[in-house]
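For reference, entry_28.cif is printed below; it contains mmCIF, C-alpha atoms and all ligand atoms.
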data_query
loop_
_atom_site.label_atom_id
_atom_site.label_comp_id
_atom_site.auth_asym_id
_atom_site.auth_seq_id
_atom_site.Cartn_x
_atom_site.Cartn_y
_atom_site.Cartn_z
CA MET A 1 15.79 -9.10 -32.79
CA TYR A 2 13.38 -6.73 -34.49
CA THR A 3 9.73 -7.69 -34.91
CA ASP A 4 6.66 -5.52 -35.23
CA ARG A 5 4.54 -7.93 -33.22
CA ASN A 6 2.92 -6.84 -29.97
CA ILE A 7 4.35 -8.75 -27.05
CA PRO A 8 2.92 -8.76 -23.53
CA GLY A 9 4.93 -7.46 -20.62
CA LEU A 10 4.85 -6.04 -17.11
CA ILE A 11 6.14 -2.59 -16.17
CA VAL A 12 8.66 -3.20 -13.41
CA ARG A 13 10.20 0.25 -13.21
CA ALA A 14 9.06 3.78 -14.04
CA GLN A 15 11.17 6.90 -14.02
CA SER A 16 10.84 10.18 -15.89
CA GLY A 17 8.87 8.82 -18.83
CA PHE A 18 10.98 5.70 -19.27
CA PHE A 19 9.66 2.28 -18.38
CA ILE A 20 11.42 -1.02 -17.93
CA VAL A 21 9.08 -3.70 -19.21
CA GLN A 22 9.69 -7.33 -18.33
CA THR A 23 8.71 -9.66 -21.19
CA ALA A 24 9.13 -13.39 -21.63
CA SER A 25 12.27 -12.71 -23.66
CA GLY A 26 13.87 -10.21 -21.29
CA ALA A 27 13.66 -6.65 -20.03
CA LEU A 28 13.15 -3.78 -22.43
CA THR A 29 13.46 -0.02 -21.94
CA CYS A 30 10.32 1.56 -23.36
CA GLN A 31 8.57 4.84 -23.88
CA LEU A 32 4.87 5.40 -24.35
CA ARG A 33 3.68 5.47 -27.95
CA GLY A 34 3.04 9.11 -28.85
CA ARG A 35 -0.70 8.78 -29.34
CA LEU A 36 -1.04 7.43 -25.78
CA ARG A 37 0.51 10.60 -24.44
CA GLN A 38 -1.95 12.96 -26.11
CA GLY A 39 -4.68 14.88 -24.34
CA PRO A 40 -4.97 16.22 -20.84
CA ARG A 41 -4.60 13.78 -18.03
CA LEU A 42 -4.81 13.84 -14.29
CA GLY A 43 -3.24 10.52 -13.51
CA ASP A 44 -0.44 8.18 -14.49
CA LEU A 45 -1.19 6.56 -17.86
CA ALA A 46 1.29 3.83 -17.23
CA ALA A 47 2.73 2.75 -13.91
CA VAL A 48 4.67 0.02 -12.24
CA GLY A 49 2.51 -3.09 -12.17
CA ASP A 50 0.66 -2.27 -15.39
CA ARG A 51 0.37 -5.05 -17.93
CA VAL A 52 1.18 -3.71 -21.37
CA GLN A 53 1.74 -4.63 -25.00
CA VAL A 54 5.08 -3.54 -26.41
CA THR A 55 6.80 -3.58 -29.78
CA HIS A 56 10.51 -3.71 -30.45
CA GLN A 57 11.98 -0.64 -32.15
CA LEU A 58 14.85 -0.74 -34.59
CA ASP A 59 17.15 1.03 -32.14
CA GLY A 60 16.79 -1.77 -29.59
CA THR A 61 14.36 0.03 -27.32
CA GLY A 62 10.67 -0.70 -27.02
CA SER A 63 7.44 1.14 -27.40
CA ILE A 64 4.39 0.69 -25.18
CA GLU A 65 1.46 0.32 -27.59
CA SER A 66 -1.35 -0.30 -25.13
CA ILE A 67 -2.03 -0.66 -21.44
CA GLU A 68 -4.47 -3.18 -20.02
CA PRO A 69 -7.19 -1.78 -17.76
CA ARG A 70 -6.17 -1.94 -14.09
CA SER A 71 -8.01 -4.33 -11.84
CA ARG A 72 -7.12 -2.15 -8.83
CA SER A 73 -4.35 0.14 -7.76
CA LEU A 74 -2.70 1.94 -4.90
CA VAL A 75 -2.93 5.62 -5.65
CA ARG A 76 -1.54 8.75 -4.10
CA LEU A 77 -3.29 12.06 -4.69
CA ASP A 78 -0.94 14.84 -5.67
CA PRO A 79 -2.47 18.34 -5.76
CA ARG A 80 -1.24 20.24 -8.85
CA PRO A 81 -2.21 23.54 -10.44
CA LYS A 82 -4.51 21.82 -12.98
CA GLY A 83 -6.21 19.63 -10.39
CA ILE A 84 -5.54 16.64 -8.23
CA TYR A 85 -3.21 14.26 -9.99
CA GLN A 86 -3.63 10.52 -9.35
CA GLN A 87 -0.18 9.10 -8.93
CA VAL A 88 -0.24 5.32 -9.20
CA ILE A 89 2.05 3.79 -6.59
CA LEU A 90 1.38 0.26 -7.80
CA ALA A 91 -1.06 -1.03 -10.41
CA ASN A 92 -2.74 -4.42 -10.03
CA PRO A 93 -1.29 -5.43 -6.65
CA ASP A 94 -2.26 -8.89 -5.39
CA GLN A 95 -1.80 -7.68 -1.83
CA ALA A 96 -0.65 -4.78 0.27
CA VAL A 97 1.74 -5.38 3.15
CA PHE A 98 1.49 -2.56 5.67
CA VAL A 99 4.62 -2.29 7.77
CA PHE A 100 4.71 -0.40 11.05
CA ALA A 101 7.36 -0.35 13.74
CA CYS A 102 6.59 -1.23 17.37
CA ALA A 103 8.83 1.70 18.27
CA SER A 104 11.17 4.19 16.64
CA PRO A 105 8.97 5.49 15.07
CA ALA A 106 6.05 4.74 17.41
CA PRO A 107 3.22 2.99 15.56
CA HIS A 108 0.71 5.36 14.07
CA LEU A 109 -2.27 3.03 14.16
CA ARG A 110 -4.74 5.56 12.86
CA MET A 111 -2.64 5.64 9.72
CA LEU A 112 -2.76 1.85 9.59
CA ASP A 113 -6.56 1.98 9.90
CA ARG A 114 -6.67 4.44 7.05
CA PHE A 115 -4.48 2.17 4.90
CA LEU A 116 -6.71 -0.79 5.72
CA VAL A 117 -9.79 1.16 4.63
CA ILE A 118 -8.10 2.04 1.35
CA ALA A 119 -7.19 -1.61 0.80
CA GLU A 120 -10.79 -2.66 1.56
CA LYS A 121 -12.16 -0.06 -0.83
CA GLN A 122 -9.83 -1.17 -3.60
CA GLY A 123 -10.39 -4.87 -2.87
CA ILE A 124 -6.71 -5.43 -2.10
CA PRO A 125 -6.00 -8.10 0.55
CA ALA A 126 -3.95 -6.60 3.36
CA VAL A 127 -1.22 -8.07 5.55
CA ILE A 128 0.13 -6.25 8.61
CA VAL A 129 3.75 -6.45 9.74
CA ALA A 130 4.73 -5.23 13.20
CA ASN A 131 8.48 -4.73 12.81
CA LYS A 132 11.23 -3.91 15.32
CA ILE A 133 9.79 -6.16 18.02
CA ASP A 134 13.32 -6.31 19.42
CA LEU A 135 12.73 -2.80 20.75
CA VAL A 136 9.65 -3.61 22.84
CA GLY A 137 9.39 -7.38 23.21
CA ARG A 138 6.71 -9.70 21.97
CA ARG A 139 4.21 -9.05 24.77
CA ARG A 140 4.15 -5.31 24.32
CA ALA A 141 3.96 -5.78 20.53
CA GLU A 142 0.88 -7.97 20.97
CA GLU A 143 -0.73 -5.34 23.19
CA MET A 144 -0.25 -2.82 20.41
CA PHE A 145 -1.20 -4.88 17.37
CA GLY A 146 -3.03 -7.97 18.64
CA HIS A 147 -6.52 -6.61 18.04
CA TYR A 148 -6.00 -6.73 14.26
CA THR A 149 -5.85 -10.53 14.13
CA PRO A 150 -9.56 -11.15 14.87
CA LEU A 151 -10.43 -8.71 12.07
CA GLY A 152 -9.05 -11.20 9.57
CA TYR A 153 -5.82 -9.43 8.66
CA PRO A 154 -2.78 -11.69 8.77
CA LEU A 155 -0.39 -10.17 11.30
CA LEU A 156 3.33 -10.88 11.39
CA TYR A 157 5.63 -9.91 14.23
CA ALA A 158 9.04 -9.26 12.79
CA CYS A 159 12.54 -8.06 13.39
CA ALA A 160 14.73 -7.28 10.42
CA LYS A 161 17.76 -7.36 12.75
CA THR A 162 17.30 -10.87 14.16
CA GLY A 163 15.42 -12.29 11.19
CA GLN A 164 12.33 -13.10 13.21
CA GLY A 165 9.22 -13.33 11.06
CA VAL A 166 11.26 -13.02 7.88
CA ALA A 167 10.63 -16.57 6.66
CA GLU A 168 6.90 -16.08 7.14
CA LEU A 169 7.01 -12.80 5.23
CA ARG A 170 8.95 -14.49 2.42
CA GLU A 171 6.23 -17.15 2.20
CA ARG A 172 3.49 -14.51 2.13
CA LEU A 173 5.20 -12.68 -0.73
CA ALA A 174 5.98 -15.73 -2.87
CA GLY A 175 4.19 -15.86 -6.20
CA LYS A 176 2.35 -12.57 -5.73
CA VAL A 177 2.73 -8.94 -6.71
CA SER A 178 2.89 -7.07 -3.41
CA ALA A 179 3.29 -3.51 -2.29
CA LEU A 180 5.19 -2.95 0.92
CA SER A 181 3.95 0.29 2.39
CA GLY A 182 4.21 2.14 5.63
CA PRO A 183 5.71 5.22 7.22
CA SER A 184 9.33 6.15 6.63
CA GLY A 185 11.89 4.48 8.84
CA VAL A 186 9.80 1.50 9.94
CA GLY A 187 12.17 -0.94 8.23
CA LYS A 188 10.50 -1.84 4.94
CA SER A 189 13.75 -1.94 2.98
CA SER A 190 15.52 -3.70 5.84
CA LEU A 191 12.86 -6.40 5.87
CA LEU A 192 13.05 -6.90 2.11
CA ASN A 193 16.83 -7.17 2.28
CA ALA A 194 16.36 -9.87 4.92
CA VAL A 195 13.75 -11.65 2.78
CA GLN A 196 16.13 -11.66 -0.17
CA PRO A 197 19.72 -10.71 0.65
CA GLY A 198 20.57 -10.06 -3.00
CA LEU A 199 18.23 -7.09 -3.22
CA GLY A 200 20.64 -4.68 -1.56
CA LEU A 201 18.05 -1.97 -1.00
CA ALA A 202 19.25 1.26 0.53
CA VAL A 203 18.57 1.43 4.25
CA ARG A 204 18.65 4.63 6.22
CA GLU A 205 21.88 5.16 8.11
CA VAL A 206 21.48 5.59 11.84
CA ASN A 207 23.09 9.03 11.74
CA GLN A 208 20.51 10.12 9.17
CA ALA A 209 17.65 9.14 11.42
CA THR A 210 17.00 12.77 12.29
CA HIS A 211 16.14 13.66 8.69
CA LYS A 212 12.46 13.36 9.47
CA GLY A 213 9.97 12.94 6.66
CA ARG A 214 12.72 12.26 4.12
CA HIS A 215 12.39 8.94 2.40
CA THR A 216 15.33 6.72 1.71
CA THR A 217 13.37 4.80 -0.89
CA ASN A 218 12.22 6.83 -3.87
CA VAL A 219 12.23 4.95 -7.15
CA ARG A 220 9.12 3.08 -8.12
CA GLN A 221 10.20 -0.39 -8.93
CA LEU A 222 9.05 -4.00 -8.72
CA PHE A 223 11.71 -6.45 -7.60
CA PRO A 224 11.49 -10.04 -8.79
CA LEU A 225 11.50 -12.54 -5.94
CA GLU A 226 13.37 -15.81 -6.03
CA GLY A 227 10.24 -17.60 -4.85
CA GLY A 228 8.27 -16.08 -7.76
CA GLY A 229 6.30 -12.87 -7.76
CA TYR A 230 7.36 -9.28 -7.32
CA VAL A 231 7.51 -6.79 -4.52
CA ALA A 232 7.47 -3.01 -4.61
CA ASP A 233 9.34 -1.19 -1.88
CA THR A 234 7.22 1.94 -1.93
CA PRO A 235 8.03 5.09 -0.03
CA GLY A 236 5.80 5.87 2.93
CA LEU A 237 2.23 6.53 1.95
CA ARG A 238 1.33 9.39 4.19
CA SER A 239 -1.12 10.74 1.65
CA LEU A 240 -2.52 7.50 0.29
CA ALA A 241 -5.74 8.38 -1.38
CA LEU A 242 -9.14 7.82 0.13
CA TRP A 243 -11.28 9.78 -2.24
CA ASP A 244 -14.95 9.68 -3.18
CA THR A 245 -15.86 7.77 -0.06
CA GLU A 246 -19.35 8.35 1.30
CA PRO A 247 -19.61 8.35 5.11
CA GLN A 248 -21.96 5.32 5.15
CA GLU A 249 -19.69 3.50 2.77
CA LEU A 250 -17.03 3.41 5.51
CA ASP A 251 -19.15 0.94 7.51
CA GLY A 252 -18.32 -1.74 4.97
CA TYR A 253 -14.58 -1.12 5.16
CA PHE A 254 -14.35 -1.94 8.87
CA PRO A 255 -14.78 -5.73 9.01
CA GLU A 256 -15.79 -5.70 12.70
CA ILE A 257 -18.30 -2.85 12.26
CA ALA A 258 -20.03 -3.90 9.04
CA PRO A 259 -21.95 -6.89 10.51
CA LEU A 260 -23.22 -4.76 13.43
CA VAL A 261 -24.79 -1.99 11.37
CA PRO A 262 -28.01 -3.86 10.47
CA HIS A 263 -28.66 -4.19 14.22
CA CYS A 264 -28.66 -0.44 14.87
CA GLN A 265 -32.09 0.95 15.71
CA PHE A 266 -31.93 3.58 12.97
CA SER A 267 -31.08 2.65 9.42
CA ASP A 268 -29.22 5.95 8.97
CA CYS A 269 -27.32 5.57 12.25
CA THR A 270 -24.00 7.41 12.30
CA HIS A 271 -22.86 5.26 15.27
CA LYS A 272 -22.04 8.31 17.31
CA ASN A 273 -24.84 9.31 19.69
CA GLU A 274 -27.96 7.55 18.47
CA PRO A 275 -29.94 5.37 20.89
CA GLY A 276 -29.93 1.68 20.10
CA CYS A 277 -26.61 1.82 18.24
CA ALA A 278 -25.19 -1.68 17.95
CA VAL A 279 -21.72 -0.35 17.17
CA ARG A 280 -21.53 1.73 20.34
CA SER A 281 -22.84 -1.19 22.40
CA ALA A 282 -20.12 -3.38 20.93
CA VAL A 283 -17.47 -0.80 21.81
CA GLU A 284 -18.83 -0.59 25.36
CA ALA A 285 -18.91 -4.37 25.63
CA GLY A 286 -15.27 -4.54 24.55
CA LYS A 287 -16.08 -6.30 21.27
CA VAL A 288 -14.87 -3.46 19.05
CA HIS A 289 -11.50 -1.96 19.94
CA PRO A 290 -11.84 1.68 21.09
CA GLN A 291 -8.93 2.76 18.87
CA ARG A 292 -10.57 1.27 15.81
CA TYR A 293 -13.85 2.96 16.71
CA ASP A 294 -11.98 6.23 17.14
CA SER A 295 -10.36 5.78 13.70
CA TYR A 296 -13.76 5.04 12.25
CA LEU A 297 -15.30 8.22 13.68
CA ARG A 298 -12.38 10.34 12.53
CA LEU A 299 -12.40 8.96 9.00
CA ARG A 300 -16.12 9.41 8.90
CA ALA A 301 -15.72 13.04 9.93
CA GLY A 302 -13.33 13.43 7.00
CA GLU A 303 -10.20 13.74 9.08
CA GLU A 304 -6.84 12.74 7.70
N1 LIG A 401 16.02 -2.23 16.12
C1 LIG A 401 15.61 -2.44 14.87
N2 LIG A 401 15.93 -1.55 13.89
C2 LIG A 401 15.51 -1.79 12.64
C3 LIG A 401 14.73 -2.93 12.31
N3 LIG A 401 14.45 -2.88 10.99
C4 LIG A 401 15.02 -1.75 10.51
N4 LIG A 401 15.67 -1.09 11.49
C5 LIG A 401 16.39 0.20 11.37
O1 LIG A 401 15.44 1.22 11.07
C6 LIG A 401 16.01 2.21 10.21
C7 LIG A 401 15.13 2.44 8.98
O2 LIG A 401 15.11 1.25 8.19
P1 LIG A 401 14.72 1.29 6.63
O3 LIG A 401 14.72 -0.15 6.19
O4 LIG A 401 15.57 2.24 5.87
O5 LIG A 401 13.22 1.86 6.70
P2 LIG A 401 12.19 2.12 5.49
O6 LIG A 401 10.85 1.74 6.02
O7 LIG A 401 12.64 1.41 4.28
O8 LIG A 401 12.25 3.70 5.31
P3 LIG A 401 11.94 4.58 4.00
O9 LIG A 401 12.68 3.99 2.85
O10 LIG A 401 12.43 5.92 4.37
O11 LIG A 401 10.45 4.57 3.81
C8 LIG A 401 17.42 1.69 9.87
O12 LIG A 401 18.34 2.35 10.71
C9 LIG A 401 17.34 0.22 10.18
O13 LIG A 401 18.59 -0.31 10.53
C10 LIG A 401 14.40 -3.86 13.38
O14 LIG A 401 13.72 -4.88 13.20
N5 LIG A 401 14.87 -3.56 14.62
MG MG A 402 13.12 2.14 2.38
ZN ZN A 403 -25.14 2.62 15.00
#

I'd like the structure from this file rewritten - as structure tokens, please.
Ligand SMILES: Nc1nc2c(ncn2[C@@H]2O[C@H](COP(=O)(O)OP(=O)(O)OP(=O)(O)O)[C@@H](O)[C@H]2O)c(=O)[nH]1
Ligand SMILES: [Mg+2]
Ligand SMILES: [Zn+2]
Amino acid sequence: MYTDRNIPGLIVRAQSGFFIVQTASGALTCQLRGRLRQGPRLGDLAAVGDRVQVTHQLDGTGSIESIEPRSRSLVRLDPRPKGIYQQVILANPDQAVFVFACASPAPHLRMLDRFLVIAEKQGIPAVIVANKIDLVGRRRAEEMFGHYTPLGYPLLYACAKTGQGVAELRERLAGKVSALSGPSGVGKSSLLNAVQPGLGLAVREVNQATHKGRHTTNVRQLFPLEGGGYVADTPGLRSLALWDTEPQELDGYFPEIAPLVPHCQFSDCTHKNEPGCAVRSAVEAGKVHPQRYDSYLRLRAGEE
């Protein structure tokens, strides 16, 4: 039915300039209104997760007339000839679920720490999933990931093969817009298929496991969940953006470090070598995990 009224919708899929917008009366394939596309830009104008206003066109497609400002977003920086392009992985996420495997591939916890800092900076609540516990056992998994629980991040131990932790993940996702992120091959798609068998997401074949760095999941898409809400199965976020972050600002993005900083002897303490550093004392006393402290120092030094 043709109307020239603006109707609200949610972008659930984006590919090559075409957007699928979910509205109360169904899904509509849309393009951006021409005037929105004008001018130079160094970031996605519209992305999955954006709330938009669309109009119906006579040919049965839709046109995106306006895009609501984003409350927050997961962004990947993509260096291009004209500058660094901000690629929006997911706009307006309610939460980020960071999936890592206990083994195969071995957990890259410095990457997890980096993701957590990005989530803190963007104000996105984070959940951690330790998948493939069948490969190491629960005890070993807890040795690897257990220190994240006291930091306030919900931590789920899961196995997409046996279904362990899947019900809890399903509950965590219900009613929210979530991004599932993590390195390639950790089992993000497998877990989502277990959460909702109808999804049928592509999972890497065992004999393709040697194709390192190649992602099985590529399209940016939000999948509706039976329990309400949506989930995006995003490709691994190796280069998730952490830009414009001042070194001191990092203090606030480590929940266990932030409350210690006022107790350092020097107000400009870098928590490295200064006398009277409350952060170092806490590391020495076993109250701050040495790996987290190491991640902190590396991020502070501007390392990837
Ligand atoms: N042993 C074991 N293997 C798993 C588990 N979950 C997933 N796998 C296997 O791990 C491999 C990668 O799984 P995917 O679900 O494709 O991983 P992904 O995180 O979606 O990977 P990308 O899409 O490339 O980012 C597949 O061979 C899965 O069968 C698990 O809990 N235990
Ligand atoms: Mg995948
Ligand atoms: Zn200090």

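Comparing A:Pro247, A:Gly163, A:Gly175, A:Gly252 by their smallest distance to A:Glu226, the closest is A:Gly175 (using only C-alpha atoms).
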
Inset, instruction - Give the answer as one residue: which of A:Ala103, A:Ile67, A:Leu155, A:Val231 has the shortest atom-to-atom distance to A:Asp134, using only C-alpha atoms? - result: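 Result for the nearest residue to A:Asp134: A:Ala103.
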
Legend entry - Best match for closeness to ligand MG 402 (chain A) among A:Thr55, A:Gln22, A:Gln221, A:Gln164, counting all atoms listed in the file: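 Closest to ligand MG 402 (chain A) of all the choices is A:Gln221.
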
Legend entry - Which of A:Ser267, A:Asp244, A:Lys132, A:Leu45 sits closest to A:Leu191 [using all atoms listed in the file]: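 Going through A:Ser267, A:Asp244, A:Lys132, A:Leu45 one by one, the smallest distance to A:Leu191 is for A:Lys132.
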
Proximity of chain A to ligand ZN 403 (chain A): per-residue shortest pair, 9 Å limit, only C-alpha atoms and all ligand atoms, as a Markdown table:
| residue | atom | partner | partner_atom | distance |
| --- | --- | --- | --- | --- |
| A:Leu260 | CA | A:ZN403 | ZN | 7.8 |
| A:Val261 | CA | A:ZN403 | ZN | 5.9 |
| A:Pro262 | CA | A:ZN403 | ZN | 8.4 |
| A:His263 | CA | A:ZN403 | ZN | 7.7 |
| A:Cys264 | CA | A:ZN403 | ZN | 4.7 |
| A:Gln265 | CA | A:ZN403 | ZN | 7.2 |
| A:Phe266 | CA | A:ZN403 | ZN | 7.2 |
| A:Ser267 | CA | A:ZN403 | ZN | 8.1 |
| A:Asp268 | CA | A:ZN403 | ZN | 8.0 |
| A:Cys269 | CA | A:ZN403 | ZN | 4.6 |
| A:Thr270 | CA | A:ZN403 | ZN | 5.6 |
| A:His271 | CA | A:ZN403 | ZN | 3.5 |
| A:Lys272 | CA | A:ZN403 | ZN | 6.9 |
| A:Asn273 | CA | A:ZN403 | ZN | 8.2 |
| A:Glu274 | CA | A:ZN403 | ZN | 6.7 |
| A:Pro275 | CA | A:ZN403 | ZN | 8.1 |
| A:Gly276 | CA | A:ZN403 | ZN | 7.1 |
| A:Cys277 | CA | A:ZN403 | ZN | 3.6 |
| A:Ala278 | CA | A:ZN403 | ZN | 5.2 |
| A:Val279 | CA | A:ZN403 | ZN | 5.0 |
| A:Arg280 | CA | A:ZN403 | ZN | 6.5 |
| A:Ser281 | CA | A:ZN403 | ZN | 8.6 |

Legend entry - Selected residue, from A:Ala194, A:Leu201, A:Val117, A:Val136, that lies nearest to ligand MG 402 (chain A) when counting only C-alpha atoms and all ligand atoms: A:Leu201

Inset, instruction - Rank nothing, just name the residue among A:Glu249, A:Asp233, A:Glu168, A:Glu303 nearest to ligand MG 402 (chain A), using all atoms listed in the file. - result: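 When distances to ligand MG 402 (chain A) are compared using all atoms listed in the file, the smallest one comes from A:Asp233.
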
Inset, instruction - List the neighbours of A:Ala27 out to 10 Å using all atoms listed in the file; skip same-chain residues closer than 5 positions along the sequence, and give me the result as a VMD selection string. - result: chain A and resid 9 to 12 19 to 22 61 to 62

Box in all listed atoms of stretch 71-82 of chain A, axis-aligned, with 5 Å more on each side; write out centre and edge lengths in Å to one decimal as AutoDock Vina command-line options.
--center_x -4.5 --center_y 9.6 --center_z -8.5 --size_x 17.1 --size_y 37.9 --size_z 18.9

Inset, instruction - Please tell me which residues are no farther than 6 Å from (-1.9, -5.6, -19.1) in the file, counting all atoms listed in the file, and write them as a VMD selection string. - result: chain A and resid 50 to 52 67 to 68

Legend entry - Between atom CA of A:Asn131 and atom O2 of ligand LIG 401 (chain A), distance in Å (one decimal):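 Separation of atom CA of A:Asn131 and atom O2 of ligand LIG 401 (chain A): 10.1 Å.
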
Inset, instruction - Might you pull out every residue within 12 Å of stretch 72-75 of chain A, with all atoms listed in the file counted and same-chain residues fewer than 3 positions away left off, and present them as a ChimeraX atom specification? - result: /A:43-44,46-50,68-69,78,84-97,115-126,177-181,232,234,237-243

Inset, instruction - May I ask for the distance between atom CA of A:Ser190 and atom CA of A:Leu156, given in Å to one decimal place? - result: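 These two atoms are separated by 15.2 Å.
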
Inset, instruction - Could you give me, as a ChimeraX atom specification, the residues within 10 Å of A:Leu199, counting only C-alpha atoms and dropping anything in the same chain fewer than 2 positions from it? - result: /A:189,192-197,201-202,223-225
